[in-house]
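A.B. asks: Pasting a structure below so you can have a look.
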Amino acid sequence: MVVKQLSVFIENRQGRLGEVLDVLKNNNVNILSISLADTTEYGILRLIVNNPELGKDTLLKEGFSALLSDVVIIKITHETGSLQKFLKIISDADISIEYMYGLSVEGASASIVLKTSDTIKATTVLTENGIDTLSGEDISKL
Amino acid sequence: MDIMVVGVGGQGTLLTSRIIGKTALDAGYDVKLSEVHGMAQRGGSVVTFVRFGDKVYEPIAEEGSVDVLISFERLEALRYAHYVKKDGVIIINDCRIDPMTVVTGAKSYPENIIEDLIKSHKVYSIDGLSVAKELGNSKVLNSVVLGFSAKHIGFTLEDWLTMVEKTVPPKTIEINKKAFLAGYNKYEVFMIWNKEIECMSREDVTLLQSERLVKLVDYVYNNVEFYRKKMDAVGVKPSDIKDIKDIVKLPFTTKDDLRDNYPFGLFAVPHSDIVRIHASSGTTGKATVVGYTRDDLEIWAECVARCFSMAGVDKNDIVQIAYGYGLFTGGLGAHGGAEKIGAMVVPMSTGNSKKLTTMMVDFGATAIACTPSYLLHISEVLAEENLLDKIKLKSAICGAEPWTEKMRKEIESKLNIKAYDIYGLSEVMGPGVACDCEYHQGLHVCEDHFYPEIVDSATLQPVAEGETGELVFTTLTKQGLPLIRYRTKDLTSISYDKCECGRTSVRISRFKGRSDDMLIIRGVNVFPSQVEAALIDVEEVTPHYMMIVDRVNNLDTLEIQVEIDPKFYTDEIKGIEKLTKKIGHVVQQALGLSAKITLVQPNTLKRSEGKAVHVTDKRKLY
Ligand SMILES: [Zn+2]
């Protein structure tokens with residue numbers, strides 16, 4: 001399933017990250033996972049939230065550059081080689097991975113947020129190979 | 001200050017040192033005077049030291065530390081030259097007295113002493129005996145030589161004359177004073193390249209300027225449609241211009257006029273007569289193009305030669321030109337003048353500090369022409385490489401960007417050299433329009449070619465002498481691109497007083513700012529409007545921007561902050577990196593200057609009411 005990820009452009013200045021988080025909190029947007037890709041001057045904050053549309057709208061209204069992009073979230077079990085297994089499936093399908101980061105969920109399994117060159121195709125091949133992906137609905141319930 | 005007076009017994013060296021010592025004492029200094037080889041009998045070598053300062057402990061100066069060596073004889077100068085420090089001065093009374101070894105034939109008297117000393121030192125020579133004889137008394141030789149040396153030692157002319165009066169035998173006071181003055185007036189710190197013009201009386205300058213203006217106005221009216229229309233519009237005919245005072249009747253020319261007539265619209269000659277093109281940044285998009293005829297280039301070299309002479313550069317010098325060569329006028333302009341002087345010219349251009357410092361040491365370069373900030377950077381490179389004591393540099397001719405007196409002092413002390421300010425702008429010619437002399441009391445304008453006016457930049461009315469306003473130039477002799485009352489936008493004032501250096505040419509003061517928003521970054525003229533125009537082509541950013549200019553390690557830095565348009569935001573680092581690069585490229589193309597591009601969040605750059613503030617200049621240049 002395709003999930004909407006919220007990302008925000010922030011300058012690498014003190015307090016900028018806090019401002020974004022405040023905006024989300026004040027609008028009851030819950031953050032389930034957060035990842036910051038940064039350079040010396042700026043960073044891109046990537047978020048999995050319970051209500052991405054609302055998150056984006058409020059951030060834009062507050063003057064931030066924010067957008068939604070499609071990602072896949074995969075459940076993986078804590079057993080050796082499970083990560084390699086799905087990476088192989090994806091690369092065999094000629095899909096490249098732009099970036100990935102973990103989604104903190106309690107329990108025996110972990111989830112990985114995955115941005116690929118082709119989200120639809122990635123979802124399809126993963127499902128065909130019996131790998132579970134989370135839906136937006138799953139996320140909002142977390 | 002350490003003075004060493006040497007000569008042959010009987011030449012009056014002792015009296016000379018005593019006058020120097022007493023003058024210093026009267027001026028409130030601690031003075032130590034010592035006679036080293038005290039064999040003052042006729043024919044023997046006589047050496048005295050005069051040291052003065054707040055407190056002097058040792059009476060005798062060490063080798064390599066003397067500021068001024070005054071030698072009454074050629075061979076004696078050679079014998080003691082090693083006492084003189086690197087930027088010290090040797091003053092030679094040009095005469096030959098054979099020592100015993102030469103008289104007996106044991107040794108021969110060296111040839112070309114002065115020519116050889118010039119290679120390593122600043123040397124000034126005078127035939128003191130002839131001057132003394134002209135005054136009718138060969139015994140006043142020492143006063144002539146002292147007068148000739150006085151400007152290098154310091155003190156006022158009055159101090160000196162008072163002391164001469166007190167020290168010499170009463171009957172010889174008048175003749176010694178006369179002798180002192182004769183030497184004093186013979187003295188010229190540096191050669192004046194074109195004495196006839198640079199020291200011309202005000203009346204003669206005015207006559208020359210009037211004659212040239214009349215010709216120029218006729219020339220542009222008949223050869224440049226733009227000027228004909230402009231003059232017709234205000235109802236001025238060439239015949240209305242009869243002398244230089246009539247210049248106020250003529251309309252002004254601006255950089256925008258040059259842009260509107262891009263590229264060659266204001267040229268007064270056919271392209272076949274143009275032999276060189278230079279260009280500088282325009283206010284927006286298009287460059288300002290300047291064309292030179294062969295005669296224009298000749299006059300340019302003449303003006304630059306005058307400037308280099310003011311900085312003490314002559315044919316014995318090895319000059320590194322470290323301005324950019326190319327469309328920018330700095331490199332080739334300075335080059336032409338240095339060649340005209342006959343110096344050994346090293347066309348370094350910019351961009352390779354390591355090569356520059358290596359060659360500075362290996363070639364024994366004695367002068368450099370570059371931007372002041374670049375020279376400060378060079379001084380750091382030299383310090384890092386432990387080369388500071390290996391250079392032979394004496395003077396620097398710096399320009400192409402505004403700089404302060406503080407920067408001059410810094411350059412001079414870091415490199416142990418003298419630094420001079422050269423001014424010019426490409427529209428008018430390039431470097432060499434004006435330069436300051438060793439007195440640093442404003443920049444002498446080559447006013448036989450460039451007529452300066454200072455006007456109020458709002459009313460465009462002339463301001464009184466000494467008052468600050470916008471500098472306006474009329475090119476009196478230019479053929480390719482003659483300019484009538486060109487507004488430079490540089491703010492300065494003007495002085496017609498005769499300078500201590502002997503030049504009578506009008507001087508403009510150090511610049512006090514600009515009447516427009518042009519910045520000079522790393523010697524490149526930059527208008528914020530250029531950045532604005534360039535950013536319009538980048539759809540991913542908003543039209544808001546902020547330029548931050550600073551100086552880090554003596555090199556100008558330019559940062560341009562732009563707001564990313566939310567519509568074009570990407571969530572990938574590489575996308576943003578690509579955008580930064582793209583903007584960087586666009587800016588580089590527009591300014592001819594690389595800038596650090598920083599993307600900022602939308603709506604974060606200051607929006608000011610009315611005229612937007614687009615620049616933060618942290619350099620404090622004025
Ligand atoms: Zn002067």
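Following the order of the structure tokens, chains are lettered A, B, ..., residues in each are numbered from 1, and ligands are numbered from 1.
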Which residues come within 8 Å of Thr404 (chain B), counting only C-alpha atoms, excluding same-chain residues fewer than 2 positions away, as a PDB file with N, CA and C atoms, in the first residue's frame?
C.D. replies:
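Written out: out_2.pdb:
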```pdb
ATOM      1  N   PRO B 402      37.126  49.788  -3.252  1.00  0.00           N
ATOM      2  CA  PRO B 402      37.385  50.763  -2.186  1.00  0.00           C
ATOM      3  C   PRO B 402      38.161  50.120  -1.039  1.00  0.00           C
ATOM      4  N   LYS B 406      43.138  52.265   7.073  1.00  0.00           N
ATOM      5  CA  LYS B 406      43.516  51.179   7.984  1.00  0.00           C
ATOM      6  C   LYS B 406      44.084  49.989   7.193  1.00  0.00           C
ATOM      7  N   MET B 407      43.423  49.691   6.057  1.00  0.00           N
ATOM      8  CA  MET B 407      43.913  48.585   5.230  1.00  0.00           C
ATOM      9  C   MET B 407      45.292  48.904   4.670  1.00  0.00           C
ATOM     10  N   ARG B 408      45.501  50.182   4.307  1.00  0.00           N
ATOM     11  CA  ARG B 408      46.805  50.556   3.762  1.00  0.00           C
ATOM     12  C   ARG B 408      47.892  50.308   4.821  1.00  0.00           C
ATOM     13  N   LEU B 621      33.847  49.412   4.251  1.00  0.00           N
ATOM     14  CA  LEU B 621      34.912  49.889   3.372  1.00  0.00           C
ATOM     15  C   LEU B 621      35.045  51.396   3.294  1.00  0.00           C
ATOM     16  N   TYR B 622      34.042  52.108   3.717  1.00  0.00           N
ATOM     17  CA  TYR B 622      34.140  53.565   3.596  1.00  0.00           C
ATOM     18  C   TYR B 622      34.287  54.209   4.963  1.00  0.00           C
TER      19      TYR B 622
END
```
A.B. asks: Wanna dump the chain B-chain A contacts at 9 Å for me, each residue with its shortest atom pair and the distance in Å to one decimal, counting only C-alpha atoms, ordered by chain and number, as a Markdown table?
C.D. replies:
```
| residue | atom | partner | partner_atom | distance |
| --- | --- | --- | --- | --- |
| B:Ile564 | CA | A:Ser65 | CA | 7.8 |
| B:Asp565 | CA | A:Ser65 | CA | 7.5 |
| B:Pro566 | CA | A:Ser65 | CA | 4.7 |
| B:Lys567 | CA | A:Ser65 | CA | 8.0 |
| B:Phe568 | CA | A:Ser65 | CA | 8.8 |
| B:Tyr569 | CA | A:Ser65 | CA | 6.4 |
| B:Thr570 | CA | A:Leu67 | CA | 7.6 |
| B:Asp571 | CA | A:Ser7 | CA | 6.0 |
| B:Glu572 | CA | A:Ile44 | CA | 7.4 |
| B:Ile573 | CA | A:Ile44 | CA | 7.1 |
| B:Thr598 | CA | A:Glu41 | CA | 7.0 |
| B:Leu599 | CA | A:Tyr42 | CA | 7.7 |
| B:Val600 | CA | A:Glu11 | CA | 6.1 |
| B:Gln601 | CA | A:Phe64 | CA | 6.3 |
| B:Pro602 | CA | A:Gly63 | CA | 6.2 |
| B:Asn603 | CA | A:Gly63 | CA | 6.4 |
| B:Thr604 | CA | A:Gly63 | CA | 8.5 |
```
A.B. asks: May I have the selected residues written with all heavy atoms, as a compact mmCIF listing (two decimals), in the first residue's frame?
C.D. replies:
```txt
# COMPACT_ATOMS: atom_id res chain seq x y z
N ILE B 564 12.99 29.51 -1.28
CA ILE B 564 12.52 28.46 -2.17
C ILE B 564 10.99 28.60 -2.27
O ILE B 564 10.30 28.84 -1.29
CB ILE B 564 12.96 27.09 -1.62
CG1 ILE B 564 12.56 25.97 -2.57
CG2 ILE B 564 12.43 26.82 -0.24
CD1 ILE B 564 13.36 24.71 -2.30
N ASP B 565 10.50 28.52 -3.49
CA ASP B 565 9.05 28.64 -3.70
C ASP B 565 8.40 27.32 -3.28
O ASP B 565 8.76 26.26 -3.79
CB ASP B 565 8.80 28.90 -5.20
CG ASP B 565 7.34 29.19 -5.47
OD1 ASP B 565 6.47 28.63 -4.77
OD2 ASP B 565 7.07 29.96 -6.40
N PRO B 566 7.42 27.36 -2.35
CA PRO B 566 6.82 26.11 -1.86
C PRO B 566 6.34 25.21 -3.00
O PRO B 566 6.35 23.99 -2.87
CB PRO B 566 5.64 26.61 -1.02
CG PRO B 566 6.02 27.98 -0.60
CD PRO B 566 6.86 28.54 -1.70
N LYS B 567 5.95 25.80 -4.10
CA LYS B 567 5.44 25.00 -5.23
C LYS B 567 6.51 24.07 -5.78
O LYS B 567 6.19 23.04 -6.36
CB LYS B 567 4.99 25.94 -6.37
CG LYS B 567 3.66 26.61 -6.13
CD LYS B 567 3.04 27.08 -7.44
CE LYS B 567 3.81 28.16 -8.16
NZ LYS B 567 3.81 29.47 -7.48
N PHE B 568 7.77 24.48 -5.64
CA PHE B 568 8.83 23.70 -6.26
C PHE B 568 9.69 22.95 -5.26
O PHE B 568 10.75 22.46 -5.56
CB PHE B 568 9.72 24.60 -7.13
CG PHE B 568 9.00 25.08 -8.32
CD1 PHE B 568 8.36 26.31 -8.32
CD2 PHE B 568 8.93 24.29 -9.47
CE1 PHE B 568 7.67 26.75 -9.43
CE2 PHE B 568 8.23 24.72 -10.58
CZ PHE B 568 7.60 25.95 -10.56
N TYR B 569 9.16 22.87 -4.07
CA TYR B 569 9.91 22.20 -3.05
C TYR B 569 9.99 20.71 -3.36
O TYR B 569 9.07 20.11 -3.85
CB TYR B 569 9.21 22.44 -1.70
CG TYR B 569 9.73 21.61 -0.60
CD1 TYR B 569 11.06 21.69 -0.25
CD2 TYR B 569 8.89 20.74 0.08
CE1 TYR B 569 11.54 20.91 0.75
CE2 TYR B 569 9.37 19.96 1.09
CZ TYR B 569 10.71 20.04 1.43
OH TYR B 569 11.19 19.26 2.43
N THR B 570 11.17 20.13 -3.12
CA THR B 570 11.31 18.70 -3.33
C THR B 570 11.72 18.10 -2.01
O THR B 570 12.29 18.77 -1.18
CB THR B 570 12.37 18.37 -4.41
OG1 THR B 570 13.03 17.16 -4.04
CG2 THR B 570 13.40 19.47 -4.52
N ASP B 571 11.42 16.85 -1.78
CA ASP B 571 11.79 16.30 -0.48
C ASP B 571 13.09 15.51 -0.57
O ASP B 571 13.40 14.72 0.30
CB ASP B 571 10.66 15.47 0.11
CG ASP B 571 10.58 14.10 -0.51
OD1 ASP B 571 10.97 13.97 -1.69
OD2 ASP B 571 10.14 13.17 0.18
N GLU B 572 13.84 15.71 -1.65
CA GLU B 572 15.10 14.99 -1.75
C GLU B 572 16.27 15.97 -1.71
O GLU B 572 16.25 17.00 -2.36
CB GLU B 572 15.15 14.19 -3.05
CG GLU B 572 14.28 12.95 -2.97
CD GLU B 572 14.13 12.27 -4.30
OE1 GLU B 572 15.08 12.39 -5.11
OE2 GLU B 572 13.08 11.66 -4.54
N ILE B 573 17.27 15.59 -0.95
CA ILE B 573 18.47 16.42 -0.83
C ILE B 573 19.06 16.71 -2.20
O ILE B 573 19.42 17.84 -2.51
CB ILE B 573 19.53 15.71 0.05
CG1 ILE B 573 19.04 15.61 1.48
CG2 ILE B 573 20.88 16.42 -0.04
CD1 ILE B 573 19.25 16.82 2.34
N THR B 598 22.32 30.13 -0.60
CA THR B 598 21.67 29.50 0.55
C THR B 598 20.17 29.59 0.37
O THR B 598 19.61 30.67 0.19
CB THR B 598 22.06 30.23 1.85
OG1 THR B 598 23.48 30.30 1.91
CG2 THR B 598 21.54 29.47 3.06
N LEU B 599 19.53 28.42 0.38
CA LEU B 599 18.07 28.41 0.27
C LEU B 599 17.50 28.60 1.66
O LEU B 599 17.97 28.01 2.62
CB LEU B 599 17.59 27.07 -0.29
CG LEU B 599 18.01 26.78 -1.73
CD1 LEU B 599 17.53 25.40 -2.14
CD2 LEU B 599 17.45 27.83 -2.67
N VAL B 600 16.53 29.46 1.74
CA VAL B 600 15.89 29.66 3.04
C VAL B 600 14.40 29.40 2.90
O VAL B 600 13.86 29.32 1.80
CB VAL B 600 16.15 31.09 3.59
CG1 VAL B 600 17.63 31.32 3.80
CG2 VAL B 600 15.56 32.14 2.68
N GLN B 601 13.74 29.26 4.03
CA GLN B 601 12.31 28.98 4.02
C GLN B 601 11.55 30.18 3.46
O GLN B 601 11.99 31.31 3.61
CB GLN B 601 11.85 28.70 5.45
CG GLN B 601 12.41 27.39 5.97
CD GLN B 601 12.17 27.23 7.45
OE1 GLN B 601 12.98 26.64 8.12
NE2 GLN B 601 11.05 27.72 7.95
N PRO B 602 10.43 29.90 2.85
CA PRO B 602 9.63 31.00 2.30
C PRO B 602 9.26 31.99 3.39
O PRO B 602 9.13 31.62 4.56
CB PRO B 602 8.39 30.32 1.75
CG PRO B 602 8.69 28.88 1.71
CD PRO B 602 9.80 28.60 2.64
N ASN B 603 9.07 33.22 2.99
CA ASN B 603 8.62 34.29 3.90
C ASN B 603 9.57 34.59 5.05
O ASN B 603 9.16 35.12 6.07
CB ASN B 603 7.24 33.96 4.50
CG ASN B 603 6.22 33.78 3.41
OD1 ASN B 603 6.08 34.65 2.57
ND2 ASN B 603 5.55 32.64 3.41
N THR B 604 10.83 34.22 4.91
CA THR B 604 11.74 34.51 6.02
C THR B 604 12.65 35.70 5.71
O THR B 604 13.21 36.29 6.61
CB THR B 604 12.62 33.30 6.38
OG1 THR B 604 13.24 32.82 5.19
CG2 THR B 604 11.80 32.21 7.01
```
A.B. asks: Between CA of Leu157 (chain B) and CA of Leu129 (chain B), what is the distance in Å, rounded to a tenth?
C.D. replies: 21.7 Å
A.B. asks: Need the shell around Phe86 (chain A): protein/DNA/RNA residues with any atom at most 12 Å away, counting only C-alpha atoms. Skip same-chain ones fewer than 4 positions apart. Format as JSON, numbers by chain?
C.D. replies: {"A": [73, 74, 75, 76, 77, 81, 82, 90, 91, 92, 93, 95, 97, 112, 114, 122, 123, 125, 126, 127, 128, 129, 130, 131, 132, 133]}
A.B. asks: Name each residue within 6 Å of ligand 1, counting only C-alpha atoms and all ligand atoms, as a VMD selection string.
C.D. replies: chain B and resid 437 439 499 to 501 503
A.B. asks: Take the residues that were just selected and, keeping N, CA and C atoms, output them as a short mmCIF file (atom, residue, chain, number, x, y, z; two decimals), in the first residue's frame.
C.D. replies:
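Saved to part-v5.cif:
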```
data_model
loop_
_atom_site.label_atom_id
_atom_site.label_comp_id
_atom_site.auth_asym_id
_atom_site.auth_seq_id
_atom_site.Cartn_x
_atom_site.Cartn_y
_atom_site.Cartn_z
N CYS B 437 50.07 59.95 -4.32
CA CYS B 437 51.52 60.00 -4.27
C CYS B 437 51.97 59.59 -2.87
N TYR B 439 52.59 61.20 -0.37
CA TYR B 439 52.03 61.97 0.74
C TYR B 439 50.61 61.53 1.11
N CYS B 499 50.22 69.97 -4.14
CA CYS B 499 50.59 68.89 -3.23
C CYS B 499 52.06 69.02 -2.84
N GLU B 500 52.40 68.49 -1.68
CA GLU B 500 53.79 68.53 -1.21
C GLU B 500 54.74 67.82 -2.17
N CYS B 501 54.21 66.90 -2.96
CA CYS B 501 55.07 66.16 -3.87
C CYS B 501 55.52 67.01 -5.05
N ARG B 503 53.43 68.09 -7.42
CA ARG B 503 52.44 68.07 -8.48
C ARG B 503 51.36 69.10 -8.20
#
```
A.B. asks: Kindly indicate which residue among A:Lys85, A:His78, A:Lys115, A:Lys25 lies nearest to Asn50 (chain A), using only C-alpha atoms for the distances.
C.D. replies: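 Between A:Lys85, A:His78, A:Lys115, A:Lys25, the residue approaching Asn50 (chain A) most closely is A:Lys25.
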A.B. asks: Considering only strand (DSSP E) as DSSP defines it on the backbone, what residues of region 99-137 of chain B qualify? List them as a list in words.
C.D. replies: Lys122, Val123, Tyr124, Ser125 and Ile126 of chain B
A.B. asks: Keeping N, CA and C atoms, export the residues of the selection given above as a PDB file, in the first residue's frame.
C.D. replies:
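That gives us out_16.pdb:
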```pdb
ATOM      1  N   LYS B 122      66.579  52.150  -2.575  1.00  0.00           N
ATOM      2  CA  LYS B 122      66.066  53.415  -3.095  1.00  0.00           C
ATOM      3  C   LYS B 122      67.213  54.406  -2.998  1.00  0.00           C
ATOM      4  N   VAL B 123      67.669  54.884  -4.128  1.00  0.00           N
ATOM      5  CA  VAL B 123      68.842  55.753  -4.145  1.00  0.00           C
ATOM      6  C   VAL B 123      68.486  57.112  -4.742  1.00  0.00           C
ATOM      7  N   TYR B 124      68.930  58.163  -4.092  1.00  0.00           N
ATOM      8  CA  TYR B 124      68.745  59.510  -4.636  1.00  0.00           C
ATOM      9  C   TYR B 124      70.104  60.167  -4.666  1.00  0.00           C
ATOM     10  N   SER B 125      70.459  60.704  -5.815  1.00  0.00           N
ATOM     11  CA  SER B 125      71.777  61.325  -5.861  1.00  0.00           C
ATOM     12  C   SER B 125      71.682  62.778  -6.289  1.00  0.00           C
ATOM     13  N   ILE B 126      72.651  63.529  -5.849  1.00  0.00           N
ATOM     14  CA  ILE B 126      72.696  64.952  -6.173  1.00  0.00           C
ATOM     15  C   ILE B 126      74.157  65.324  -6.369  1.00  0.00           C
TER      16      ILE B 126
END
```
A.B. asks: If we count only C-alpha atoms and set the cut-off at 10 Å, which residues sit around Lys249 (chain B), ignoring sequence neighbours fewer than 4 positions away in its own chain? Please answer as a ChimeraX atom specification.
C.D. replies: /B:231,234-237,240-241,245
A.B. asks: Using only C-alpha atoms, which protein or nucleic acid residues come within 10 Å of Val5 (chain B)? Drop anything in the same chain fewer than 4 positions from it, and give the result as a PyMOL selection string.
C.D. replies: chain B and resi 13-14+16-17+20+35+46-50+68-72+76-77+80+91+146
A.B. asks: At what distance in Å, to one decimal, does CA of Tyr221 (chain B) lie from CA of Val248 (chain B)?
C.D. replies: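 If I compute the distance from CA of Val248 (chain B) to CA of Tyr221 (chain B), I get 16.2 Å.
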A.B. asks: Residues near Asn525 (chain B), anyone? I mean within 9 Å using only C-alpha atoms, not counting same-chain ones fewer than 6 positions away, as number ranges by chain.
C.D. replies: B: 280-282, 400-401, 518-519, 591
A.B. asks: Report as a PDB file with C-alpha atoms, in the first residue's frame all protein, DNA and RNA residues lying within 10 Å of Ile139 (chain A), evaluated on only C-alpha atoms, omitting residues in the same chain fewer than 2 positions from it.
C.D. replies:
```
ATOM      1  CA  VAL A   3       1.487   5.770   2.325  1.00  0.00           C
ATOM      2  CA  LYS A   4       1.780   9.586   2.324  1.00  0.00           C
ATOM      3  CA  LEU A  32       4.872   8.260  14.334  1.00  0.00           C
ATOM      4  CA  ILE A  48       5.126   9.712   9.062  1.00  0.00           C
ATOM      5  CA  VAL A  49       2.101  11.203  10.780  1.00  0.00           C
ATOM      6  CA  ASN A  50      -1.425  10.117  11.553  1.00  0.00           C
ATOM      7  CA  ASN A  51      -2.916  12.845   9.372  1.00  0.00           C
ATOM      8  CA  ILE A  73       6.124   0.939   4.716  1.00  0.00           C
ATOM      9  CA  LEU A 134       1.133  -0.930   5.886  1.00  0.00           C
ATOM     10  CA  SER A 135      -1.684   1.210   4.582  1.00  0.00           C
ATOM     11  CA  GLY A 136      -2.488   4.773   5.427  1.00  0.00           C
ATOM     12  CA  GLU A 137      -5.349   3.464   7.479  1.00  0.00           C
ATOM     13  CA  LYS A 141      -4.597   3.783  13.835  1.00  0.00           C
ATOM     14  CA  LEU A 142      -1.152   3.459  15.300  1.00  0.00           C
TER      15      LEU A 142
END
```
